[in-house]
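J.: File follows, data_15.cif with mmCIF, C-alpha atoms:
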```cif
data_input
#
loop_
_atom_site.label_atom_id
_atom_site.label_comp_id
_atom_site.auth_asym_id
_atom_site.auth_seq_id
_atom_site.Cartn_x
_atom_site.Cartn_y
_atom_site.Cartn_z
CA MET A 1 -37.91 -16.32 53.84
CA SER A 2 -40.06 -14.34 51.41
CA SER A 3 -40.53 -15.45 47.81
CA ALA A 4 -38.69 -12.32 46.69
CA MET A 5 -35.64 -13.41 48.68
CA GLN A 6 -35.80 -16.90 47.15
CA THR A 7 -35.86 -15.61 43.57
CA GLU A 8 -32.78 -16.53 41.57
CA ASP A 9 -30.23 -13.75 41.41
CA PRO A 10 -30.36 -12.24 37.89
CA PHE A 11 -26.56 -12.53 37.84
CA ASP A 12 -25.91 -15.72 39.81
CA PHE A 13 -22.63 -16.28 37.98
CA ASP A 14 -20.56 -13.90 40.09
CA ASP A 15 -17.17 -15.63 39.59
CA GLY A 16 -16.75 -15.89 43.35
CA ILE A 17 -17.37 -12.19 44.00
CA PRO A 18 -20.76 -11.73 45.74
CA GLY A 19 -22.82 -8.88 44.34
CA ARG A 20 -20.35 -8.37 41.53
CA TRP A 21 -22.98 -7.46 38.95
CA ASN A 22 -25.31 -5.41 41.15
CA HIS A 23 -24.52 -2.32 39.10
CA LEU A 24 -25.75 -4.07 35.95
CA SER A 25 -28.91 -5.30 37.65
CA LYS A 26 -29.76 -1.73 38.61
CA VAL A 27 -29.44 -0.63 35.01
CA LEU A 28 -31.24 -3.55 33.40
CA ASP A 29 -34.08 -4.05 35.92
CA ARG A 30 -35.34 -0.50 36.10
CA GLY A 31 -38.20 0.48 33.84
CA GLY A 32 -37.86 3.17 31.23
CA SER A 33 -39.32 4.56 28.06
CA GLN A 34 -38.67 1.31 26.18
CA PRO A 35 -40.91 -1.79 26.50
CA ASP A 36 -39.82 -4.31 29.12
CA THR A 37 -37.71 -7.20 27.86
CA PRO A 38 -39.69 -10.49 28.05
CA ASP A 39 -36.87 -12.61 29.49
CA ASN A 40 -34.10 -10.65 31.12
CA GLN A 41 -32.55 -13.75 32.65
CA ALA A 42 -32.06 -15.44 29.27
CA ASN A 43 -30.65 -12.27 27.77
CA ARG A 44 -28.15 -11.90 30.59
CA ARG A 45 -27.00 -15.46 30.27
CA ASN A 46 -26.59 -14.82 26.57
CA LEU A 47 -24.44 -11.80 27.44
CA ARG A 48 -22.14 -13.92 29.62
CA GLU A 49 -22.13 -17.25 27.85
CA LYS A 50 -22.87 -16.81 24.15
CA MET A 51 -22.15 -13.23 23.13
CA ARG A 52 -18.71 -13.26 21.49
CA VAL A 53 -17.44 -9.77 20.65
CA LEU A 54 -14.55 -8.72 18.44
CA VAL A 55 -12.73 -5.50 19.28
CA ILE A 56 -10.54 -4.13 16.48
CA GLY A 57 -7.77 -1.92 17.76
CA ALA A 58 -6.10 -1.88 21.18
CA GLY A 59 -4.94 1.74 21.20
CA GLY A 60 -6.37 4.70 23.06
CA LEU A 61 -9.97 3.92 22.12
CA GLY A 62 -9.50 0.15 22.16
CA CYS A 63 -8.15 0.10 25.73
CA GLU A 64 -11.24 1.95 26.93
CA ILE A 65 -13.54 -0.37 24.98
CA LEU A 66 -11.92 -3.53 26.35
CA LYS A 67 -12.15 -2.23 29.91
CA ASN A 68 -15.81 -1.20 29.50
CA LEU A 69 -16.86 -4.51 27.95
CA ALA A 70 -15.16 -6.55 30.67
CA LEU A 71 -16.87 -4.51 33.40
CA SER A 72 -20.25 -4.65 31.64
CA GLY A 73 -20.62 -8.41 31.85
CA PHE A 74 -19.17 -9.48 28.50
CA LYS A 75 -17.08 -12.60 28.97
CA ASN A 76 -15.94 -13.75 25.53
CA ILE A 77 -13.92 -11.00 23.85
CA ASP A 78 -11.35 -11.12 21.06
CA VAL A 79 -9.05 -8.23 20.16
CA ILE A 80 -6.98 -7.62 17.01
CA ASP A 81 -4.16 -5.12 16.68
CA MET A 82 -1.09 -5.10 14.45
CA ASP A 83 0.87 -2.48 16.42
CA THR A 84 3.43 -2.69 19.18
CA ILE A 85 3.55 -0.41 22.21
CA ASP A 86 5.49 2.83 21.94
CA VAL A 87 6.53 5.00 24.87
CA SER A 88 4.29 7.78 23.51
CA ASN A 89 1.24 5.52 24.08
CA LEU A 90 1.65 5.36 27.83
CA ASN A 91 0.02 8.70 28.65
CA ARG A 92 -3.45 7.55 27.57
CA GLN A 93 -3.41 3.81 26.76
CA PHE A 94 -3.73 2.79 30.38
CA LEU A 95 -3.51 -0.98 29.94
CA PHE A 96 0.21 -0.62 29.16
CA ARG A 97 3.24 0.06 31.33
CA ALA A 98 6.82 1.15 30.62
CA ALA A 99 7.99 -2.46 30.74
CA ASP A 100 5.59 -3.28 27.89
CA VAL A 101 7.22 -0.99 25.32
CA GLY A 102 7.97 -2.95 22.16
CA LYS A 103 5.43 -5.70 22.90
CA SER A 104 2.18 -6.45 21.04
CA LYS A 105 -0.69 -4.16 22.05
CA ALA A 106 -3.27 -6.91 21.60
CA ILE A 107 -1.39 -9.45 23.71
CA VAL A 108 -0.53 -7.06 26.55
CA ALA A 109 -4.06 -5.60 26.66
CA ALA A 110 -5.64 -9.07 26.76
CA GLU A 111 -3.31 -10.24 29.53
CA PHE A 112 -4.02 -7.12 31.59
CA VAL A 113 -7.82 -7.44 31.36
CA ASN A 114 -7.75 -11.21 31.98
CA ARG A 115 -5.62 -10.66 35.07
CA ARG A 116 -7.63 -7.72 36.40
CA VAL A 117 -11.20 -8.93 35.72
CA PRO A 118 -11.79 -12.55 36.88
CA GLY A 119 -13.95 -14.68 34.59
CA VAL A 120 -13.32 -12.64 31.44
CA GLN A 121 -11.63 -14.39 28.52
CA VAL A 122 -9.94 -11.93 26.16
CA VAL A 123 -8.21 -13.66 23.23
CA PRO A 124 -5.52 -11.56 21.49
CA HIS A 125 -4.65 -11.61 17.78
CA PHE A 126 -1.40 -9.89 16.82
CA GLY A 127 -1.74 -9.02 13.15
CA LYS A 128 -3.74 -7.22 10.48
CA ILE A 129 -7.48 -7.61 10.13
CA GLN A 130 -6.86 -8.60 6.50
CA ASP A 131 -4.95 -11.67 7.73
CA PHE A 132 -8.20 -13.35 8.80
CA ASP A 133 -10.76 -14.95 6.49
CA GLU A 134 -14.54 -14.71 6.43
CA ASP A 135 -14.99 -17.82 8.57
CA PHE A 136 -13.10 -16.09 11.37
CA TYR A 137 -15.44 -13.07 11.35
CA ARG A 138 -18.53 -15.30 11.23
CA ASN A 139 -17.69 -16.43 14.77
CA PHE A 140 -18.73 -13.09 16.27
CA ALA A 141 -22.10 -11.71 17.24
CA LEU A 142 -20.81 -8.13 17.29
CA VAL A 143 -17.81 -6.18 16.01
CA ILE A 144 -16.58 -2.96 17.63
CA SER A 145 -13.96 -0.82 15.92
CA GLY A 146 -11.58 1.53 17.73
CA LEU A 147 -9.39 2.27 14.72
CA ASP A 148 -7.90 5.52 13.47
CA SER A 149 -7.35 4.14 9.95
CA ILE A 150 -10.12 4.93 7.49
CA GLU A 151 -8.83 2.26 5.10
CA ALA A 152 -9.05 -0.47 7.75
CA ARG A 153 -12.56 0.62 8.74
CA ARG A 154 -13.64 0.54 5.10
CA TRP A 155 -12.22 -2.97 4.79
CA ILE A 156 -13.96 -4.46 7.83
CA ASN A 157 -17.20 -2.72 6.85
CA ALA A 158 -17.10 -4.28 3.36
CA THR A 159 -16.25 -7.67 4.85
CA LEU A 160 -19.23 -7.63 7.22
CA VAL A 161 -21.56 -6.54 4.42
CA SER A 162 -20.25 -9.36 2.22
CA LEU A 163 -21.16 -11.92 4.92
CA ILE A 164 -24.87 -11.19 4.48
CA VAL A 165 -26.84 -14.03 2.90
CA LYS A 166 -30.00 -13.34 0.90
CA ASP A 167 -32.67 -15.76 -0.27
CA PRO A 168 -33.77 -15.90 -3.95
CA SER A 169 -36.35 -13.18 -3.32
CA GLY A 170 -33.71 -10.81 -1.99
CA GLU A 171 -34.72 -11.06 1.67
CA ILE A 172 -31.81 -10.93 4.12
CA ASP A 173 -31.19 -13.85 6.45
CA THR A 174 -31.03 -11.92 9.73
CA ASP A 175 -28.89 -14.64 11.33
CA THR A 176 -26.06 -13.61 8.98
CA ILE A 177 -26.10 -9.96 10.06
CA ILE A 178 -23.20 -8.97 12.34
CA PRO A 179 -23.75 -5.46 13.75
CA PHE A 180 -20.77 -3.14 13.47
CA ILE A 181 -20.20 -0.42 16.07
CA ASP A 182 -17.63 2.11 14.89
CA GLY A 183 -15.96 4.70 17.10
CA GLY A 184 -13.50 7.37 16.11
CA THR A 185 -11.82 10.34 17.77
CA GLU A 186 -9.74 13.30 16.68
CA GLY A 187 -8.68 15.72 19.36
CA PHE A 188 -11.75 17.01 21.18
CA LYS A 189 -14.10 15.58 18.55
CA GLY A 190 -15.46 12.08 18.18
CA GLN A 191 -18.24 9.94 16.83
CA ALA A 192 -19.96 6.63 17.45
CA ARG A 193 -22.17 4.90 14.95
CA LEU A 194 -24.21 1.72 14.79
CA ILE A 195 -24.14 -0.05 11.45
CA ILE A 196 -26.56 -2.90 10.72
CA PRO A 197 -25.14 -4.35 7.47
CA GLY A 198 -27.73 -4.48 4.73
CA LEU A 199 -30.31 -2.52 6.70
CA SER A 200 -28.72 0.80 7.66
CA ALA A 201 -26.12 3.09 6.14
CA CYS A 202 -22.75 1.35 6.09
CA PHE A 203 -19.38 2.96 6.75
CA GLU A 204 -18.80 3.50 3.04
CA CYS A 205 -22.04 5.49 2.84
CA THR A 206 -20.54 8.03 5.26
CA ILE A 207 -17.18 8.50 3.51
CA PRO A 208 -18.20 11.97 2.20
CA MET A 209 -18.57 13.09 5.84
CA PHE A 210 -14.83 12.81 6.45
CA PRO A 211 -12.86 16.03 6.00
CA ALA A 212 -10.64 16.53 2.97
CA ALA A 213 -7.62 16.67 5.28
CA ASN A 214 -7.60 12.88 5.26
CA LEU A 215 -6.96 12.82 1.53
CA LYS A 216 -3.75 12.01 -0.26
CA PHE A 217 -2.87 13.72 -3.53
CA PRO A 218 -2.63 12.09 -6.96
CA LEU A 219 0.85 11.18 -8.13
CA CYS A 220 0.55 13.19 -11.31
CA THR A 221 -0.16 16.34 -9.27
CA ILE A 222 2.72 16.03 -6.84
CA ALA A 223 5.10 15.03 -9.65
CA ASP A 224 4.21 17.72 -12.20
CA THR A 225 2.08 20.54 -10.81
CA PRO A 226 2.42 21.01 -7.03
CA ARG A 227 0.17 23.78 -5.76
CA VAL A 228 0.23 23.59 -1.96
CA PRO A 229 2.89 22.78 0.70
CA GLU A 230 1.44 19.31 1.23
CA HIS A 231 2.13 18.45 -2.42
CA CYS A 232 5.84 19.20 -1.91
CA ILE A 233 6.05 17.17 1.29
CA GLN A 234 4.36 14.18 -0.28
CA TRP A 235 6.67 14.49 -3.30
CA ALA A 236 9.65 14.32 -0.94
CA SER A 237 8.35 11.25 0.90
CA GLU A 238 6.93 9.26 -2.02
CA LEU A 239 9.14 10.19 -4.98
CA ALA A 240 12.36 11.91 -3.92
CA TRP A 241 13.16 9.60 -1.00
CA GLY A 242 13.47 6.53 -3.23
CA ASP A 243 15.27 8.33 -6.09
CA PRO A 244 19.07 7.86 -5.77
CA ASN A 245 19.59 10.92 -7.99
CA VAL A 246 17.85 13.08 -5.38
CA ASN A 247 18.44 11.22 -2.13
CA LYS A 248 22.20 10.80 -1.87
CA VAL A 249 22.23 10.63 1.92
CA PHE A 250 20.41 7.38 2.67
CA PRO A 251 20.99 4.10 0.77
CA ARG A 252 18.35 3.07 -1.72
CA GLY A 253 15.77 0.80 -0.10
CA THR A 254 15.93 2.56 3.26
CA LYS A 255 12.42 2.87 4.70
CA ILE A 256 11.33 6.17 6.15
CA ASP A 257 11.32 6.08 9.93
CA ASN A 258 8.81 8.67 11.10
CA ASP A 259 10.52 8.86 14.48
CA ASN A 260 14.03 9.36 13.09
CA PRO A 261 15.00 13.08 13.26
CA ASP A 262 17.55 12.64 10.45
CA HIS A 263 14.90 11.21 8.13
CA MET A 264 12.39 13.92 8.96
CA THR A 265 15.00 16.67 8.51
CA TRP A 266 15.92 15.34 5.07
CA LEU A 267 12.26 15.24 4.03
CA PHE A 268 11.69 18.77 5.30
CA GLU A 269 14.68 20.17 3.44
CA ALA A 270 13.79 18.34 0.22
CA ALA A 271 10.18 19.55 0.43
CA LYS A 272 11.33 23.10 1.13
CA LYS A 273 13.57 23.15 -1.96
CA ARG A 274 10.71 21.77 -4.04
CA ALA A 275 8.39 24.48 -2.70
CA GLU A 276 10.90 27.25 -3.43
CA ALA A 277 11.30 26.02 -7.01
CA HIS A 278 7.52 26.36 -7.51
CA ASN A 279 7.05 29.57 -5.48
CA ILE A 280 5.03 27.81 -2.79
CA GLN A 281 5.09 29.13 0.78
CA GLY A 282 4.35 27.34 4.04
CA VAL A 283 6.56 24.24 4.21
CA THR A 284 7.67 23.85 7.83
CA TYR A 285 9.23 21.05 9.85
CA LYS A 286 6.04 20.69 11.90
CA LEU A 287 3.87 20.46 8.79
CA THR A 288 6.26 17.89 7.34
CA GLN A 289 5.81 15.76 10.44
CA GLY A 290 2.05 16.13 10.25
CA VAL A 291 1.82 15.08 6.60
CA VAL A 292 4.29 12.20 6.75
CA LYS A 293 3.16 10.81 10.10
CA ASN A 294 -0.52 11.69 9.56
CA ILE A 295 -0.59 12.96 13.14
CA ILE A 296 -4.00 12.89 14.81
CA PRO A 297 -4.10 14.45 18.29
CA ALA A 298 -5.34 12.04 20.92
CA ILE A 299 -7.09 13.11 24.12
CA ALA A 300 -7.90 10.57 26.82
CA SER A 301 -11.23 12.14 27.83
CA THR A 302 -12.52 12.01 24.26
CA ASN A 303 -11.54 8.35 24.01
CA ALA A 304 -13.42 7.63 27.25
CA ILE A 305 -16.61 9.34 26.07
CA ILE A 306 -16.70 7.66 22.65
CA ALA A 307 -15.78 4.25 24.08
CA ALA A 308 -18.64 4.58 26.58
CA ALA A 309 -21.07 5.36 23.76
CA CYS A 310 -19.86 2.34 21.76
CA CYS A 311 -20.08 -0.05 24.71
CA ASN A 312 -23.48 1.32 25.69
CA GLU A 313 -24.74 0.26 22.26
CA ALA A 314 -23.08 -3.13 22.65
CA LEU A 315 -24.78 -3.72 26.00
CA LYS A 316 -28.19 -2.69 24.66
CA PHE A 317 -27.78 -5.03 21.71
CA ALA A 318 -26.61 -7.95 23.86
CA THR A 319 -29.36 -7.64 26.49
CA ASN A 320 -32.17 -6.26 24.32
CA ASN A 321 -32.58 -3.43 26.81
CA GLY A 322 -33.21 0.06 25.48
CA GLY A 323 -33.54 1.44 21.99
CA ASN A 324 -30.54 1.31 19.70
CA LEU A 325 -28.73 4.35 18.37
CA ASN A 326 -30.24 5.50 15.09
CA ASN A 327 -27.59 5.63 13.88
CA TYR A 328 -24.85 8.29 14.30
CA MET A 329 -23.77 10.21 17.39
CA MET A 330 -21.25 13.04 17.15
CA TYR A 331 -19.42 14.63 20.05
CA ASN A 332 -17.62 17.98 20.22
CA GLY A 333 -15.74 18.99 23.35
CA LEU A 334 -14.02 22.07 21.99
CA ALA A 335 -16.35 24.51 23.73
CA GLY A 336 -18.06 22.53 26.46
CA VAL A 337 -19.80 19.20 25.95
CA TYR A 338 -21.95 18.96 22.86
CA THR A 339 -23.50 15.82 21.37
CA TYR A 340 -25.92 15.38 18.53
CA THR A 341 -27.59 12.24 17.23
CA PHE A 342 -28.99 11.88 13.73
CA GLU A 343 -29.79 9.23 11.16
CA VAL A 344 -27.46 8.81 8.19
CA ASP A 345 -29.29 7.56 5.11
CA ARG A 346 -27.99 4.82 2.87
CA ARG A 347 -26.48 5.95 -0.43
CA GLU A 348 -28.01 4.16 -3.39
CA SER A 349 -24.74 4.53 -5.28
CA CYS A 350 -22.63 3.12 -2.43
CA ALA A 351 -19.93 0.80 -3.76
CA VAL A 352 -20.38 -1.59 -0.80
CA CYS A 353 -24.07 -1.78 0.12
CA GLY A 354 -25.66 0.03 -2.83
CA GLN A 355 -25.77 -0.26 -6.61
CA ASN A 356 -22.14 0.85 -7.10
CA ASP A 357 -23.00 3.15 -9.99
CA VAL A 358 -21.93 6.79 -9.81
CA THR A 359 -22.61 9.29 -12.59
CA TYR A 360 -19.84 11.85 -13.06
CA ALA A 361 -20.27 14.94 -15.24
CA ILE A 362 -17.21 15.90 -17.24
CA SER A 363 -16.30 17.60 -20.52
CA PRO A 364 -15.17 15.27 -23.32
CA SER A 365 -12.31 17.66 -24.09
CA GLU A 366 -10.97 17.57 -20.51
CA PRO A 367 -7.55 15.91 -20.18
CA LEU A 368 -7.45 12.65 -18.26
CA LYS A 369 -5.04 14.33 -15.83
CA GLU A 370 -7.75 16.73 -14.71
CA LEU A 371 -10.18 13.86 -14.12
CA VAL A 372 -7.62 12.01 -11.99
CA VAL A 373 -6.99 15.15 -9.92
CA ARG A 374 -10.71 15.81 -9.46
CA LEU A 375 -11.34 12.24 -8.34
CA ALA A 376 -8.49 12.33 -5.83
CA GLU A 377 -9.70 15.61 -4.35
CA ASP A 378 -13.41 14.67 -4.28
CA VAL A 379 -14.41 14.08 -0.64
CA ARG A 380 -17.13 11.66 -1.75
CA PHE A 381 -14.53 9.03 -2.60
CA GLN A 382 -11.48 9.68 -0.36
CA PHE A 383 -9.18 8.21 -3.00
CA LYS A 384 -5.40 8.14 -2.56
CA LYS A 385 -3.98 6.86 -5.85
CA PRO A 386 -6.84 6.07 -8.23
CA SER A 387 -6.25 3.78 -11.20
CA LEU A 388 -8.71 3.95 -14.10
CA ARG A 389 -9.80 1.29 -16.61
CA CYS A 390 -12.53 1.35 -19.25
CA GLN A 391 -13.72 -1.45 -21.52
CA GLY A 392 -10.72 -3.59 -20.69
CA ARG A 393 -8.19 -0.81 -21.40
CA ASN A 394 -5.85 0.79 -18.89
CA LEU A 395 -6.46 4.54 -18.94
CA TYR A 396 -4.13 5.38 -16.08
CA MET A 397 -2.62 2.94 -13.60
CA GLN A 398 -0.69 3.64 -10.43
CA GLY A 399 2.25 1.51 -9.37
CA LEU A 400 4.20 -0.63 -11.84
CA LEU A 401 2.18 0.50 -14.86
CA GLU A 402 2.29 4.20 -14.02
CA ALA A 403 5.12 5.04 -16.44
CA THR A 404 3.47 3.07 -19.25
CA THR A 405 0.10 4.80 -18.93
CA ARG A 406 1.43 8.26 -18.04
CA PRO A 407 1.23 9.56 -21.65
CA ASN A 408 -2.57 9.15 -21.46
CA LEU A 409 -2.76 11.89 -18.82
CA ASP A 410 -2.36 14.65 -21.42
CA LYS A 411 -4.99 13.19 -23.74
CA SER A 412 -8.66 14.16 -23.62
CA LEU A 413 -11.34 11.61 -22.82
CA GLN A 414 -12.51 11.91 -26.41
CA GLU A 415 -9.03 11.14 -27.72
CA LEU A 416 -8.91 8.11 -25.47
CA GLY A 417 -12.07 6.79 -27.12
CA LEU A 418 -14.51 7.33 -24.29
CA ASN A 419 -18.15 7.94 -25.16
CA ASN A 420 -21.03 9.40 -23.20
CA GLY A 421 -22.38 6.75 -20.83
CA ASP A 422 -19.21 4.62 -20.73
CA VAL A 423 -18.37 3.10 -17.34
CA ILE A 424 -14.91 3.64 -15.86
CA SER A 425 -13.73 1.12 -13.29
CA ILE A 426 -11.70 2.79 -10.52
CA THR A 427 -9.48 0.93 -8.06
CA ASP A 428 -7.62 2.56 -5.21
CA PRO A 429 -5.59 1.50 -2.15
CA SER A 430 -8.23 3.08 0.08
CA LEU A 431 -10.96 0.80 -1.24
CA PRO A 432 -11.54 -2.64 0.29
CA THR A 433 -9.78 -5.55 -1.41
CA ASN A 434 -11.13 -6.55 -4.83
CA LEU A 435 -13.60 -3.67 -4.88
CA ALA A 436 -13.81 -1.27 -7.81
CA LEU A 437 -15.96 1.86 -8.00
CA LEU A 438 -17.99 2.00 -11.21
CA MET A 439 -18.31 5.55 -12.55
CA ARG A 440 -20.58 6.34 -15.48
CA VAL A 441 -19.32 9.21 -17.64
CA LYS A 442 -21.79 11.97 -18.46
CA PHE A 443 -20.47 14.42 -21.04
CA GLU A 444 -21.53 18.01 -20.60
#
```
Please, can you express the file's structure as structure tokens?
T.:
Amino acid sequence: MSSAMQTEDPFDFDDGIPGRWNHLSKVLDRGGSQPDTPDNQANRRNLREKMRVLVIGAGGLGCEILKNLALSGFKNIDVIDMDTIDVSNLNRQFLFRAADVGKSKAIVAAEFVNRRVPGVQVVPHFGKIQDFDEDFYRNFALVISGLDSIEARRWINATLVSLIVKDPSGEIDTDTIIPFIDGGTEGFKGQARLIIPGLSACFECTIPMFPAANLKFPLCTIADTPRVPEHCIQWASELAWGDPNVNKVFPRGTKIDNDNPDHMTWLFEAAKKRAEAHNIQGVTYKLTQGVVKNIIPAIASTNAIIAAACCNEALKFATNNGGNLNNYMMYNGLAGVYTYTFEVDRRESCAVCGQNDVTYAISPSEPLKELVVRLAEDVRFQFKKPSLRCQGRNLYMQGLLEATTRPNLDKSLQELGLNNGDVISITDPSLPTNLALLMRVKFE
């Protein structure tokens, strides 16, 4: 027998299925434009035995990611998802069946992959990502996100950045870096990005790239000066629904069920009356559904393409084969198949990985209300309900203190005692826990 025939199979751990990983050997053994990896065998054993990956989200994108990872040689996979399976998921989330409706997505997806792919160990976690502490996330060599929630992606991004350890000179301990691969889809569009915390642009650096359609509107706007149909719909869902003087149909404390036609009809009619009172056109039942449910169209082919891009990066990272994405890939399938890769630069003022110091030009005579509206509508921040503090004083607070601080909205910044160069601390539900954006006022 020749020496070539006696050479150890690069994937000799075939789980009882001869030639199981031949497809991976063909990919990893062939030469290319990148330098050859010194020890492919060690890297492949690392892929199977040591590389523990966390997948966040087991929906349309997450199902594709789990399937791809399992068939790419990854053995140790964890998955987190807080949702249960709905009948509307079955047309594209292929790990689920009709009998699974009402069950945990994470648990059902893990059981399906474990049953279908011998040797793979997928561990499910049914809950929110915020339910787990830093020690939990330190267990992973790689995190892949398949979420449609910007807030959740901002949170996990900030958490991974916070895990970085630096020495006294400011140098990063590379062993504490956990790469973050983020995928997202919307209709025929999608994106995949590779984030190396502390070294490349983080998710927060790219917040200005998200469209303004993802924004919520400030409470003071929807309560006092609605200008567009969306203001009226949000007023109906956030203010009128819980007001017993307005909502005399459903008992106080009833939560809005987005799938209940009676609830949606009430919201539509309330929003329509609000719009008519302010001479606003365009409130429809379909728009009401879109605003309240934050509907994002999902297309299976887009999920498959973006999941493939994410898992391709994961495989390259795990096996040290091929150059990594640098660092953002966008896909558009509206008119054919178009992809474009470019590098997103870090933002020095980023609240997560930068200096967290933004300078904001504003007139000293401008009412605080106008500043709150401008901040909520500024795509750089993607705020929902910003609360403002300065020098230990509450300028305007959302939630329980909203009524107490509401009189400040009609006062100018000068009347509130702000001076040029003062720093306003801004908190918002969209920001990661315990993080405040620091905004330096520049009077003009």
J.: Using CA of His263 in chain A and CA of Ala106 in chain A as the two end points, give the distance in Å to one decimal.
T.: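 Interatomic distance, CA of His263 in chain A to CA of Ala106 in chain A: 29.0 Å.
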J.: The PyMOL selection byres ((chain A and resi 280) around 12) - which residues does that actually catch in the file I just gave you? List them as a list in words.
T.: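 In the shown coordinates, the PyMOL selection byres ((chain A and resi 280) around 12) covers Thr225, Pro226, Arg227, Val228, Pro229, Glu230, His231, Cys232, Ile233, Ala271, Lys272, Lys273, Arg274, Ala275, Glu276, Ala277, His278, Asn279, Gln281, Gly282, Val283 and Thr284 of chain A.
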J.: Would you write out, as a Markdown table, a table of all residues in range 117-181 of chain A that have an atom no more than 10 Å from an atom of range 417-441 of chain A, listing for each the closest atom pair and the distance in Å to one decimal, considering all atoms listed in the file and ordering rows by chain and rising residue number?
T.:
```
| residue | atom | partner | partner_atom | distance |
| --- | --- | --- | --- | --- |
| A:Gln130 | CA | A:Thr433 | CA | 9.0 |
| A:Ser149 | CA | A:Ser430 | CA | 10.0 |
| A:Ile150 | CA | A:Ser430 | CA | 7.9 |
| A:Glu151 | CA | A:Ser430 | CA | 5.1 |
| A:Ala152 | CA | A:Pro432 | CA | 8.2 |
| A:Arg153 | CA | A:Pro432 | CA | 9.1 |
| A:Arg154 | CA | A:Pro432 | CA | 6.1 |
| A:Trp155 | CA | A:Pro432 | CA | 4.6 |
| A:Ile156 | CA | A:Pro432 | CA | 8.1 |
| A:Asn157 | CA | A:Pro432 | CA | 8.7 |
| A:Ala158 | CA | A:Pro432 | CA | 6.6 |
| A:Thr159 | CA | A:Pro432 | CA | 8.3 |
```
J.: Considering only C-alpha atoms, state which residue in the set A:Glu238, A:Glu269, A:Asp131, A:Asp148 is at the smallest distance from Val292 in chain A.
T.: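 So, comparing all the options, the nearest one is A:Glu238.
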J.: Taking (-7.2, 0.7, 15.0) in the file's coordinates as the center, which residues reach within 10 Å of it, counting only C-alpha atoms, put as a list in words?
T.: Val55, Ile56, Gly57, Ala58, Gly59, Gly60, Leu61, Gly62, Ile80, Asp81, Met82, Asp83, Lys128, Ile129, Ser145, Gly146, Leu147, Asp148, Ser149, Ile150, Ala152, Arg153, Gly183 and Gly184 of chain A
J.: Please put the answer as AutoDock Vina command-line options: centre and edge lengths, in Å with one decimal, of a box along x, y and z that encloses all listed atoms of range 122-129 of chain A plus 5 Å on each side.
T.:
```
--center_x -5.7 --center_y -10.4 --center_z 18.1 --size_x 18.5 --size_y 16.4 --size_z 26.0
```
J.: Calculate how many Å separate CA of Ile299 in chain A from CA of Gln93 in chain A, rounding to one decimal.
T.: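 One can read the CA of Ile299 in chain A to CA of Gln93 in chain A distance as 10.3 Å.
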J.: One decimal, in Å: what's the spacing between CA of Leu315 in chain A and CA of Tyr137 in chain A?
T.: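 Result for CA of Leu315 in chain A versus CA of Tyr137 in chain A: 19.7 Å, one decimal.
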J.: Choose the residue, out of A:Ile164, A:Leu71, A:Val372, A:Ala141, that has the smallest atom-to-atom separation from Val113 in chain A; count only C-alpha atoms.
T.: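 Of the candidates, the smallest distance to Val113 in chain A is held by A:Leu71.
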J.: Please, which residues in range 325-375 of chain A fall within 9 Å of range 188-203 of chain A when counting all atoms listed in the file, and what is the closest atom pair and distance in Å to one decimal for each, ordered by chain then residue number, as a tab-separated table?
T.:
```
residue	atom	partner	partner_atom	distance
A:Leu325	CA	A:Leu194	CA	6.3
A:Asn326	CA	A:Leu194	CA	7.1
A:Asn327	CA	A:Leu194	CA	5.2
A:Tyr328	CA	A:Arg193	CA	4.4
A:Met329	CA	A:Ala192	CA	5.2
A:Met330	CA	A:Gln191	CA	4.3
A:Tyr331	CA	A:Gly190	CA	5.1
A:Asn332	CA	A:Lys189	CA	4.6
A:Gly333	CA	A:Phe188	CA	5.0
A:Leu334	CA	A:Phe188	CA	5.6
A:Glu343	CA	A:Ala201	CA	8.7
A:Val344	CA	A:Ala201	CA	6.2
A:Asp345	CA	A:Ala201	CA	5.6
A:Arg346	CA	A:Ala201	CA	4.1
A:Arg347	CA	A:Ala201	CA	7.2
A:Cys350	CA	A:Cys202	CA	8.7
A:Val352	CA	A:Cys202	CA	7.9
A:Cys353	CA	A:Gly198	CA	6.5
```
J.: With C-alpha atoms retained, write the just-selected residues as a PDB file, in the coordinates of the input.
T.:
```pdb
ATOM      1  CA  LEU A 325     -28.730   4.350  18.370  1.00  0.00           C
ATOM      2  CA  ASN A 326     -30.240   5.500  15.090  1.00  0.00           C
ATOM      3  CA  ASN A 327     -27.590   5.630  13.880  1.00  0.00           C
ATOM      4  CA  TYR A 328     -24.850   8.290  14.300  1.00  0.00           C
ATOM      5  CA  MET A 329     -23.770  10.210  17.390  1.00  0.00           C
ATOM      6  CA  MET A 330     -21.250  13.040  17.150  1.00  0.00           C
ATOM      7  CA  TYR A 331     -19.420  14.630  20.050  1.00  0.00           C
ATOM      8  CA  ASN A 332     -17.620  17.980  20.220  1.00  0.00           C
ATOM      9  CA  GLY A 333     -15.740  18.990  23.350  1.00  0.00           C
ATOM     10  CA  LEU A 334     -14.020  22.070  21.990  1.00  0.00           C
ATOM     11  CA  GLU A 343     -29.790   9.230  11.160  1.00  0.00           C
ATOM     12  CA  VAL A 344     -27.460   8.810   8.190  1.00  0.00           C
ATOM     13  CA  ASP A 345     -29.290   7.560   5.110  1.00  0.00           C
ATOM     14  CA  ARG A 346     -27.990   4.820   2.870  1.00  0.00           C
ATOM     15  CA  ARG A 347     -26.480   5.950  -0.430  1.00  0.00           C
ATOM     16  CA  CYS A 350     -22.630   3.120  -2.430  1.00  0.00           C
ATOM     17  CA  VAL A 352     -20.380  -1.590  -0.800  1.00  0.00           C
ATOM     18  CA  CYS A 353     -24.070  -1.780   0.120  1.00  0.00           C
TER      19      CYS A 353
END
```
